[in-house]
$ cat target_33.txt   # compact mmCIF, C-alpha atoms
# COMPACT_ATOMS: atom_id res chain seq x y z
CA MET A 1 0.00 0.00 0.00
CA SER A 2 1.30 3.44 -0.85
CA TRP A 3 0.94 6.57 1.21
CA ILE A 4 1.74 8.69 -1.87
CA TYR A 5 -1.81 8.96 -3.23
CA PRO A 6 -3.49 10.14 0.01
CA ALA A 7 -0.48 12.35 0.81
CA VAL A 8 -0.74 14.13 -2.55
CA LEU A 9 -4.48 14.71 -2.09
CA LEU A 10 -3.93 16.03 1.43
CA GLY A 11 -1.18 18.25 0.04
CA CYS A 12 -3.65 19.73 -2.46
CA LEU A 13 -6.09 20.60 0.34
CA VAL A 14 -3.38 22.08 2.58
CA ALA A 15 -1.80 24.07 -0.27
CA THR A 16 -5.14 25.65 -1.25
CA LEU A 17 -6.29 26.36 2.33
CA PRO A 18 -4.64 29.83 2.44
CA LEU A 19 -6.88 30.85 -0.49
CA GLU A 20 -9.87 30.43 1.83
CA LEU A 21 -8.25 31.65 5.05
CA VAL A 22 -6.08 34.51 3.78
CA LEU A 23 -7.55 35.55 0.43
CA GLY A 24 -11.16 35.04 1.59
CA THR A 25 -12.48 32.93 -1.28
CA ARG A 26 -15.62 31.94 0.69
CA VAL A 27 -15.82 28.46 -0.82
CA TYR A 28 -15.91 26.31 2.34
CA ARG A 29 -18.25 28.95 3.76
CA GLN A 30 -20.83 28.00 1.08
CA PRO A 31 -21.01 24.26 1.86
CA LEU A 32 -24.38 23.64 0.23
CA ARG A 33 -23.36 25.33 -3.01
CA LEU A 34 -20.10 23.38 -3.00
CA LEU A 35 -21.93 20.10 -2.39
CA ALA A 36 -24.47 20.89 -5.11
CA ALA A 37 -21.63 21.53 -7.58
CA LEU A 38 -19.77 18.37 -6.54
CA VAL A 39 -22.63 15.87 -6.75
CA PRO A 40 -23.29 15.95 -10.53
CA VAL A 41 -19.55 15.96 -11.23
CA LEU A 42 -19.01 12.97 -8.93
CA ALA A 43 -21.84 11.12 -10.68
CA VAL A 44 -20.27 11.66 -14.12
CA PHE A 45 -16.68 10.91 -13.17
CA LEU A 46 -17.32 7.91 -10.90
CA THR A 47 -19.30 6.43 -13.79
CA TRP A 48 -16.44 7.19 -16.17
CA ASP A 49 -13.87 5.73 -13.76
CA ALA A 50 -15.94 2.59 -13.19
CA PHE A 51 -16.34 2.17 -16.96
CA ALA A 52 -12.62 2.75 -17.61
CA ILE A 53 -11.63 0.21 -14.95
CA HIS A 54 -14.13 -2.28 -16.38
CA ALA A 55 -12.84 -1.64 -19.93
CA ARG A 56 -9.25 -1.91 -18.61
CA HIS A 57 -8.24 1.54 -19.87
CA TRP A 58 -6.27 1.83 -16.62
CA HIS A 59 -5.70 0.00 -13.38
CA TYR A 60 -4.34 0.94 -9.98
CA ARG A 61 -1.43 -0.42 -7.96
CA HIS A 62 -0.44 -0.05 -4.30
CA LEU A 63 -3.69 1.54 -3.15
CA LEU A 64 -5.56 0.85 0.11
CA GLY A 65 -7.71 -1.82 -1.51
CA LEU A 66 -10.97 -0.29 -0.31
CA ARG A 67 -13.38 0.12 -3.20
CA VAL A 68 -16.77 1.66 -3.91
CA GLY A 69 -18.06 -0.76 -6.53
CA ASN A 70 -14.88 -1.24 -8.54
CA VAL A 71 -13.57 2.29 -7.91
CA PRO A 72 -10.80 2.70 -5.27
CA VAL A 73 -11.67 5.06 -2.37
CA GLU A 74 -8.62 7.15 -3.30
CA GLU A 75 -10.31 7.91 -6.63
CA VAL A 76 -13.53 8.95 -4.91
CA ALA A 77 -11.46 11.31 -2.76
CA PHE A 78 -9.69 12.59 -5.91
CA PHE A 79 -13.03 13.58 -7.47
CA VAL A 80 -13.84 15.59 -4.34
CA VAL A 81 -10.43 17.19 -3.75
CA VAL A 82 -9.67 18.29 -7.32
CA PRO A 83 -13.06 20.02 -7.88
CA VAL A 84 -12.74 21.79 -4.50
CA CYS A 85 -9.26 23.04 -5.50
CA ALA A 86 -10.60 24.18 -8.89
CA VAL A 87 -13.41 26.18 -7.25
CA LEU A 88 -10.94 27.72 -4.77
CA THR A 89 -8.70 28.72 -7.70
CA LEU A 90 -11.56 30.36 -9.62
CA GLU A 91 -12.66 32.27 -6.52
CA ALA A 92 -9.05 33.31 -5.86
CA VAL A 93 -8.85 34.71 -9.41
CA ARG A 94 -12.08 36.60 -8.69
CA ARG A 95 -10.59 38.09 -5.49
CA ARG A 96 -7.44 39.22 -7.31
CA ARG A 97 -9.28 40.46 -10.43
CA PRO A 98 -12.64 41.83 -9.25
CA GLY A 99 -13.29 43.36 -12.67
CA TRP A 100 -13.32 39.99 -14.43
CA ARG A 101 -16.92 38.76 -14.40
CA ILE A 102 -17.66 35.09 -13.88
CA GLY A 103 -21.40 35.04 -14.54
CA ASP A 104 -22.91 34.63 -11.08
CA GLU A 105 -22.70 38.29 -10.02
CA GLN A 106 -25.78 40.17 -8.89
CA ARG A 107 -26.96 42.50 -11.60
CA MET B 1 -14.19 2.31 -26.90
CA THR B 2 -10.62 3.47 -26.18
CA TYR B 3 -9.51 6.02 -23.58
CA THR B 4 -8.85 8.38 -26.51
CA SER B 5 -12.48 8.33 -27.67
CA ALA B 6 -13.78 8.41 -24.07
CA ALA B 7 -11.64 11.50 -23.41
CA ALA B 8 -12.98 13.20 -26.56
CA LEU B 9 -16.53 12.41 -25.46
CA GLY B 10 -15.83 13.76 -21.95
CA LEU B 11 -14.44 16.96 -23.44
CA VAL B 12 -17.46 17.48 -25.72
CA PHE B 13 -19.86 16.79 -22.85
CA ALA B 14 -18.21 19.50 -20.72
CA LEU B 15 -18.38 22.02 -23.59
CA VAL B 16 -22.09 21.26 -24.16
CA LEU B 17 -22.80 21.51 -20.42
CA ASP B 18 -21.13 24.94 -20.16
CA LEU B 19 -22.35 26.48 -23.42
CA ALA B 20 -25.79 24.93 -23.98
CA LEU B 21 -27.20 23.08 -20.97
CA LEU B 22 -26.28 25.40 -18.07
CA ARG B 23 -25.44 28.36 -20.33
CA THR B 24 -22.73 29.49 -17.90
CA LYS B 25 -20.41 30.20 -20.86
CA LEU B 26 -17.27 30.02 -18.75
CA LEU B 27 -15.36 29.25 -21.95
CA ARG B 28 -15.73 32.95 -22.82
CA ARG B 29 -14.43 34.18 -19.45
CA LYS B 30 -10.88 35.35 -18.80
CA ALA B 31 -11.30 34.32 -15.16
CA PHE B 32 -12.01 30.71 -16.17
CA TRP B 33 -8.98 30.42 -18.46
CA THR B 34 -6.72 32.00 -15.82
CA ALA B 35 -7.96 29.57 -13.16
CA TYR B 36 -7.64 26.66 -15.59
CA ALA B 37 -4.04 27.57 -16.44
CA ILE B 38 -3.17 27.50 -12.73
CA VAL B 39 -4.99 24.18 -12.18
CA LEU B 40 -3.29 22.66 -15.25
CA CYS B 41 0.18 23.33 -13.82
CA PHE B 42 -0.73 21.49 -10.61
CA GLN B 43 -2.50 18.75 -12.55
CA LEU B 44 0.66 17.99 -14.52
CA VAL B 45 2.64 17.67 -11.27
CA VAL B 46 0.05 15.55 -9.40
CA ASN B 47 -0.69 13.38 -12.43
CA GLY B 48 3.02 13.02 -13.09
CA VAL B 49 3.51 11.66 -9.56
CA PHE B 50 0.63 9.16 -9.86
CA THR B 51 1.70 7.92 -13.28
CA GLY B 52 5.46 8.20 -12.70
CA GLN B 53 5.18 6.14 -9.50
CA ARG B 54 2.97 3.73 -11.46
CA LEU B 55 0.08 4.00 -9.02
CA VAL B 56 -2.06 4.30 -12.14
CA VAL B 57 -1.12 2.21 -15.17
CA TYR B 58 -2.66 2.84 -18.60
CA SER B 59 -3.42 0.23 -21.23
CA GLU B 60 -1.14 1.06 -24.18
CA PRO B 61 -3.59 -0.06 -26.91
CA ASP B 62 -6.27 2.28 -25.49
CA ILE B 63 -4.22 5.47 -25.61
CA PHE B 64 -3.10 7.62 -28.52
CA GLY B 65 0.58 7.49 -27.55
CA PRO B 66 2.18 10.82 -26.64
CA ARG B 67 2.75 11.45 -22.94
CA LEU B 68 3.14 14.62 -20.93
CA PHE B 69 5.02 14.26 -17.62
CA TYR B 70 4.50 10.44 -17.75
CA ALA B 71 0.71 10.76 -18.24
CA PRO B 72 -1.06 10.13 -21.57
CA VAL B 73 -2.22 13.32 -23.35
CA GLU B 74 -5.80 12.12 -22.90
CA ASP B 75 -5.45 13.06 -19.22
CA VAL B 76 -5.36 16.74 -20.22
CA ALA B 77 -8.84 16.40 -21.77
CA PHE B 78 -10.01 14.39 -18.75
CA GLY B 79 -8.77 17.09 -16.36
CA PHE B 80 -10.17 19.93 -18.47
CA SER B 81 -13.57 18.23 -18.50
CA LEU B 82 -13.45 17.74 -14.72
CA VAL B 83 -12.54 21.39 -14.06
CA LEU B 84 -15.00 22.87 -16.57
CA GLN B 85 -17.95 20.76 -15.38
CA THR B 86 -17.22 21.60 -11.74
CA LEU B 87 -16.90 25.33 -12.33
CA ALA B 88 -19.98 25.42 -14.60
CA TRP B 89 -22.09 23.84 -11.84
CA TRP B 90 -20.52 26.14 -9.21
CA VAL B 91 -21.36 29.26 -11.24
CA TRP B 92 -24.80 27.93 -12.17
CA TRP B 93 -25.77 27.41 -8.50
CA GLY B 94 -24.28 30.80 -7.62
CA ARG B 95 -26.24 32.51 -10.39
CA ARG B 96 -29.47 30.90 -9.19
CA ALA B 97 -28.83 32.12 -5.65
CA SER B 98 -27.99 35.67 -6.71
CA GLN B 99 -31.08 35.89 -8.94
CA ALA B 100 -33.25 34.75 -6.03
CA ARG B 101 -31.95 37.62 -3.87
CA PRO B 102 -32.80 41.26 -4.63
CA SER B 103 -29.63 43.15 -5.54
CA PRO B 104 -28.27 45.04 -2.51
CA PRO B 105 -27.77 48.57 -3.98
CA ALA B 106 -31.34 48.74 -5.31
CA ALA B 107 -32.76 47.40 -2.06
CA SER B 108 -30.90 49.88 0.13
CA ALA B 109 -31.71 52.79 -2.18
CA ALA B 110 -35.41 52.01 -1.92
CA ARG B 111 -35.29 52.19 1.84
CA ARG B 112 -35.08 55.49 3.57
CA PRO B 113 -32.55 55.23 6.40
CA GLY B 114 -34.28 56.16 9.62
CA PRO B 115 -32.67 57.69 12.73
CA THR B 116 -32.69 54.32 14.54
CA GLU B 117 -30.84 52.58 11.74
CA THR B 118 -27.30 52.67 13.02
CA ARG B 119 -26.13 49.11 12.29
CA ARG B 120 -26.65 49.32 8.55
CA SER B 121 -23.07 48.77 7.40
CA SER B 122 -22.06 46.36 10.12
CA THR B 123 -23.26 43.32 8.20
CA ARG B 124 -21.44 44.14 4.98
$ encode --input "target_33.txt" --output "C-alpha cells"
Amino acid sequence: MSWIYPAVLLGCLVATLPLELVLGTRVYRQPLRLLAALVPVLAVFLTWDAFAIHARHWHYRHLLGLRVGNVPVEEVAFFVVVPVCAVLTLEAVRRRRPGWRIGDEQR
Amino acid sequence: MTYTSAAALGLVFALVLDLALLRTKLLRRKAFWTAYAIVLCFQLVVNGVFTGQRLVVYSEPDIFGPRLFYAPVEDVAFGFSLVLQTLAWWVWWGRRASQARPSPPAASAARRPGPTETRRSSTR
C-alpha cells in the first residue's frame, strides 16, 4: 500500500487552504453550493472511472484496496479534492481580479 | 471504446454543459482560463507523480501514444472536463442564488434610512 496517493491529495487541500483563510475565497463557507456543484460531477466521473476500470483503460497499484463498486476510495477522494481546489482557484482569481466577471454576479 | 475516444466524449460533454445546458459560458471568461491555467500546472505535477510512480497504469492499446510528464495526453482532456464541469455547476448554483436575492444597492436605495438605523453597514 502506498501513502503517496493520500499524501498528494492532502497536500492539495493544505496548499489551497490559504486561499480560503487569507484571500477570503468563501468556498468552504458555502457548503451547500459546493456540495451541489460536486454531486453531478461525482456522478459523471465515478461512472467514467468505473467504466474505464471495467474496460481496462487503466488500473491501480499499491492503493488501500478499499473500493466503492470497482472504484478505489482514493479515486472517490480525488473527485472531491480536485473540484474543491478548482473552485478555490476560480474564486481566488475573482478576489485578485474583481473586474473579471464570472457570470454569477448580482446584476 | 478506447480512452482516446472516451476523453474526446468527456471533453465534448463539458463544452455542451457549459455552453448549452447550463449556459454558464465560462469558456468565454478570462477568469475561467486563468484559473484553468493555474490548475493545469498542478494537474501535470500531481498526475506526473501518480503515473510516474505507477500508481495508475494505462493500457497502451487504449491510448493515442504521446505522454506529458508520464501521463497520456488524454489526461489533459479528462482534467479539463473535470474542471470545466465543476466550475460550470458552481457558477450555475451561484447565479441561481444571486437571482433569487434582490440586488443590494437597489434594495438599500429604496429604503429610507431612519434615525434608529445605526447598524446598517455592520453586516457588509
$ interface_residues --input "target_33.txt" --of "chain B" --to "chain A" --cutoff "8 Å" --atoms "all atoms listed in the file" --output "ChimeraX atom specification"
/B:2-3,24,26,29-32,34-36,38-39,46,50,54-59,62,82-83,85-87,89-96,98-99,103
$ write_last_selection --input "target_33.txt" --atoms "C-alpha atoms" --output "compact mmCIF listing (two decimals), keeping the file's coordinate frame"
# COMPACT_ATOMS: atom_id res chain seq x y z
CA THR B 2 -10.62 3.47 -26.18
CA TYR B 3 -9.51 6.02 -23.58
CA THR B 24 -22.73 29.49 -17.90
CA LEU B 26 -17.27 30.02 -18.75
CA ARG B 29 -14.43 34.18 -19.45
CA LYS B 30 -10.88 35.35 -18.80
CA ALA B 31 -11.30 34.32 -15.16
CA PHE B 32 -12.01 30.71 -16.17
CA THR B 34 -6.72 32.00 -15.82
CA ALA B 35 -7.96 29.57 -13.16
CA TYR B 36 -7.64 26.66 -15.59
CA ILE B 38 -3.17 27.50 -12.73
CA VAL B 39 -4.99 24.18 -12.18
CA VAL B 46 0.05 15.55 -9.40
CA PHE B 50 0.63 9.16 -9.86
CA ARG B 54 2.97 3.73 -11.46
CA LEU B 55 0.08 4.00 -9.02
CA VAL B 56 -2.06 4.30 -12.14
CA VAL B 57 -1.12 2.21 -15.17
CA TYR B 58 -2.66 2.84 -18.60
CA SER B 59 -3.42 0.23 -21.23
CA ASP B 62 -6.27 2.28 -25.49
CA LEU B 82 -13.45 17.74 -14.72
CA VAL B 83 -12.54 21.39 -14.06
CA GLN B 85 -17.95 20.76 -15.38
CA THR B 86 -17.22 21.60 -11.74
CA LEU B 87 -16.90 25.33 -12.33
CA TRP B 89 -22.09 23.84 -11.84
CA TRP B 90 -20.52 26.14 -9.21
CA VAL B 91 -21.36 29.26 -11.24
CA TRP B 92 -24.80 27.93 -12.17
CA TRP B 93 -25.77 27.41 -8.50
CA GLY B 94 -24.28 30.80 -7.62
CA ARG B 95 -26.24 32.51 -10.39
CA ARG B 96 -29.47 30.90 -9.19
CA SER B 98 -27.99 35.67 -6.71
CA GLN B 99 -31.08 35.89 -8.94
CA SER B 103 -29.63 43.15 -5.54
$ closest_residue --input "target_33.txt" --among "A:Leu46, A:Ile53, A:Leu66, A:Val14" --to "Phe78 in chain A" --atoms "only C-alpha atoms"
A:Leu46
$ axis_aligned_box --input "target_33.txt" --around "range 5-11 of chain A" --padding-each-side "4 Å" --output "AutoDock Vina command-line options"
--center_x -2.5 --center_y 13.6 --center_z -0.9 --size_x 12.0 --size_y 17.3 --size_z 12.7
$ atom_distance --input "target_33.txt" --atom1 "CA of Leu21 in chain A" --atom2 "CA of Leu44 in chain B"
25.5 Å
$ residues_around --input "target_33.txt" --residues "Ile63 in chain B" --least-positions-apart "2" --cutoff "6 Å" --atoms "only C-alpha atoms" --output "PyMOL selection string"
chain B and resi 3-4+60-61+65
$ residues_around --input "target_33.txt" --residues "Gly52 in chain B" --least-positions-apart "6" --cutoff "8 Å" --atoms "only C-alpha atoms" --output "mmCIF file with C-alpha atoms, keeping the file's coordinate frame"
data_model
loop_
_atom_site.group_PDB
_atom_site.id
_atom_site.type_symbol
_atom_site.label_atom_id
_atom_site.label_comp_id
_atom_site.auth_asym_id
_atom_site.auth_seq_id
_atom_site.Cartn_x
_atom_site.Cartn_y
_atom_site.Cartn_z
ATOM 1 C CA PHE B 69 5.020 14.260 -17.620
ATOM 2 C CA TYR B 70 4.500 10.440 -17.750
ATOM 3 C CA ALA B 71 0.710 10.760 -18.240
#
$ atom_distance --input "target_33.txt" --atom1 "CA of Gln53 in chain B" --atom2 "CA of Ala77 in chain A"
18.7 Å
$ atom_distance --input "target_33.txt" --atom1 "CA of Glu74 in chain A" --atom2 "CA of Ala43 in chain A"
15.7 Å
$ closest_residue --input "target_33.txt" --among "B:Leu15, B:Val45, B:Leu84, B:Ala8" --to "Leu68 in chain B" --atoms "only C-alpha atoms"
B:Val45
$ build_atoms --input "target_33.txt" --residues "range 30-59 of chain B" --atoms "N, CA and C atoms" --output "short mmCIF file (atom, residue, chain, number, x, y, z; two decimals), in the coordinates of the input"
data_model
loop_
_atom_site.label_atom_id
_atom_site.label_comp_id
_atom_site.auth_asym_id
_atom_site.auth_seq_id
_atom_site.Cartn_x
_atom_site.Cartn_y
_atom_site.Cartn_z
N LYS B 30 -12.30 35.28 -19.11
CA LYS B 30 -10.88 35.35 -18.80
C LYS B 30 -10.58 34.69 -17.46
N ALA B 31 -11.50 34.87 -16.50
CA ALA B 31 -11.30 34.32 -15.16
C ALA B 31 -11.21 32.79 -15.21
N PHE B 32 -12.05 32.17 -16.06
CA PHE B 32 -12.01 30.71 -16.17
C PHE B 32 -10.67 30.25 -16.72
N TRP B 33 -10.23 30.87 -17.82
CA TRP B 33 -8.98 30.42 -18.46
C TRP B 33 -7.77 30.64 -17.56
N THR B 34 -7.80 31.74 -16.77
CA THR B 34 -6.72 32.00 -15.82
C THR B 34 -6.69 30.91 -14.75
N ALA B 35 -7.88 30.62 -14.18
CA ALA B 35 -7.96 29.57 -13.16
C ALA B 35 -7.54 28.23 -13.74
N TYR B 36 -7.99 27.94 -14.98
CA TYR B 36 -7.64 26.66 -15.59
C TYR B 36 -6.13 26.53 -15.79
N ALA B 37 -5.49 27.61 -16.22
CA ALA B 37 -4.04 27.57 -16.44
C ALA B 37 -3.31 27.22 -15.15
N ILE B 38 -3.78 27.79 -14.04
CA ILE B 38 -3.17 27.50 -12.73
C ILE B 38 -3.40 26.03 -12.36
N VAL B 39 -4.66 25.58 -12.52
CA VAL B 39 -4.99 24.18 -12.18
C VAL B 39 -4.18 23.22 -13.04
N LEU B 40 -4.02 23.54 -14.33
CA LEU B 40 -3.29 22.66 -15.25
C LEU B 40 -1.86 22.41 -14.78
N CYS B 41 -1.20 23.49 -14.30
CA CYS B 41 0.18 23.33 -13.82
C CYS B 41 0.23 22.31 -12.69
N PHE B 42 -0.71 22.43 -11.74
CA PHE B 42 -0.73 21.49 -10.61
C PHE B 42 -1.16 20.10 -11.05
N GLN B 43 -2.06 20.05 -12.04
CA GLN B 43 -2.50 18.75 -12.55
C GLN B 43 -1.32 17.97 -13.12
N LEU B 44 -0.48 18.66 -13.89
CA LEU B 44 0.66 17.99 -14.52
C LEU B 44 1.60 17.41 -13.46
N VAL B 45 1.77 18.15 -12.36
CA VAL B 45 2.64 17.67 -11.27
C VAL B 45 2.01 16.46 -10.59
N VAL B 46 0.74 16.62 -10.13
CA VAL B 46 0.05 15.55 -9.40
C VAL B 46 -0.09 14.29 -10.27
N ASN B 47 -0.52 14.49 -11.50
CA ASN B 47 -0.69 13.38 -12.43
C ASN B 47 0.65 12.71 -12.73
N GLY B 48 1.68 13.54 -12.84
CA GLY B 48 3.02 13.02 -13.09
C GLY B 48 3.48 12.11 -11.96
N VAL B 49 3.16 12.49 -10.71
CA VAL B 49 3.51 11.66 -9.56
C VAL B 49 2.76 10.33 -9.63
N PHE B 50 1.44 10.40 -9.84
CA PHE B 50 0.63 9.16 -9.86
C PHE B 50 1.08 8.21 -10.98
N THR B 51 1.34 8.77 -12.16
CA THR B 51 1.70 7.92 -13.28
C THR B 51 3.18 7.52 -13.21
N GLY B 52 4.03 8.47 -12.79
CA GLY B 52 5.46 8.20 -12.70
C GLY B 52 5.76 7.13 -11.66
N GLN B 53 5.01 7.16 -10.55
CA GLN B 53 5.18 6.14 -9.50
C GLN B 53 4.42 4.85 -9.85
N ARG B 54 3.76 4.87 -10.98
CA ARG B 54 2.97 3.73 -11.46
C ARG B 54 1.90 3.27 -10.47
N LEU B 55 1.27 4.30 -9.84
CA LEU B 55 0.08 4.00 -9.02
C LEU B 55 -1.10 3.77 -9.95
N VAL B 56 -1.07 4.48 -11.09
CA VAL B 56 -2.06 4.30 -12.14
C VAL B 56 -1.31 3.84 -13.39
N VAL B 57 -1.78 2.75 -13.97
CA VAL B 57 -1.12 2.21 -15.17
C VAL B 57 -2.14 2.18 -16.31
N TYR B 58 -1.74 2.75 -17.46
CA TYR B 58 -2.66 2.84 -18.60
C TYR B 58 -2.43 1.70 -19.58
N SER B 59 -3.51 1.29 -20.22
CA SER B 59 -3.42 0.23 -21.23
C SER B 59 -2.94 0.85 -22.54
#
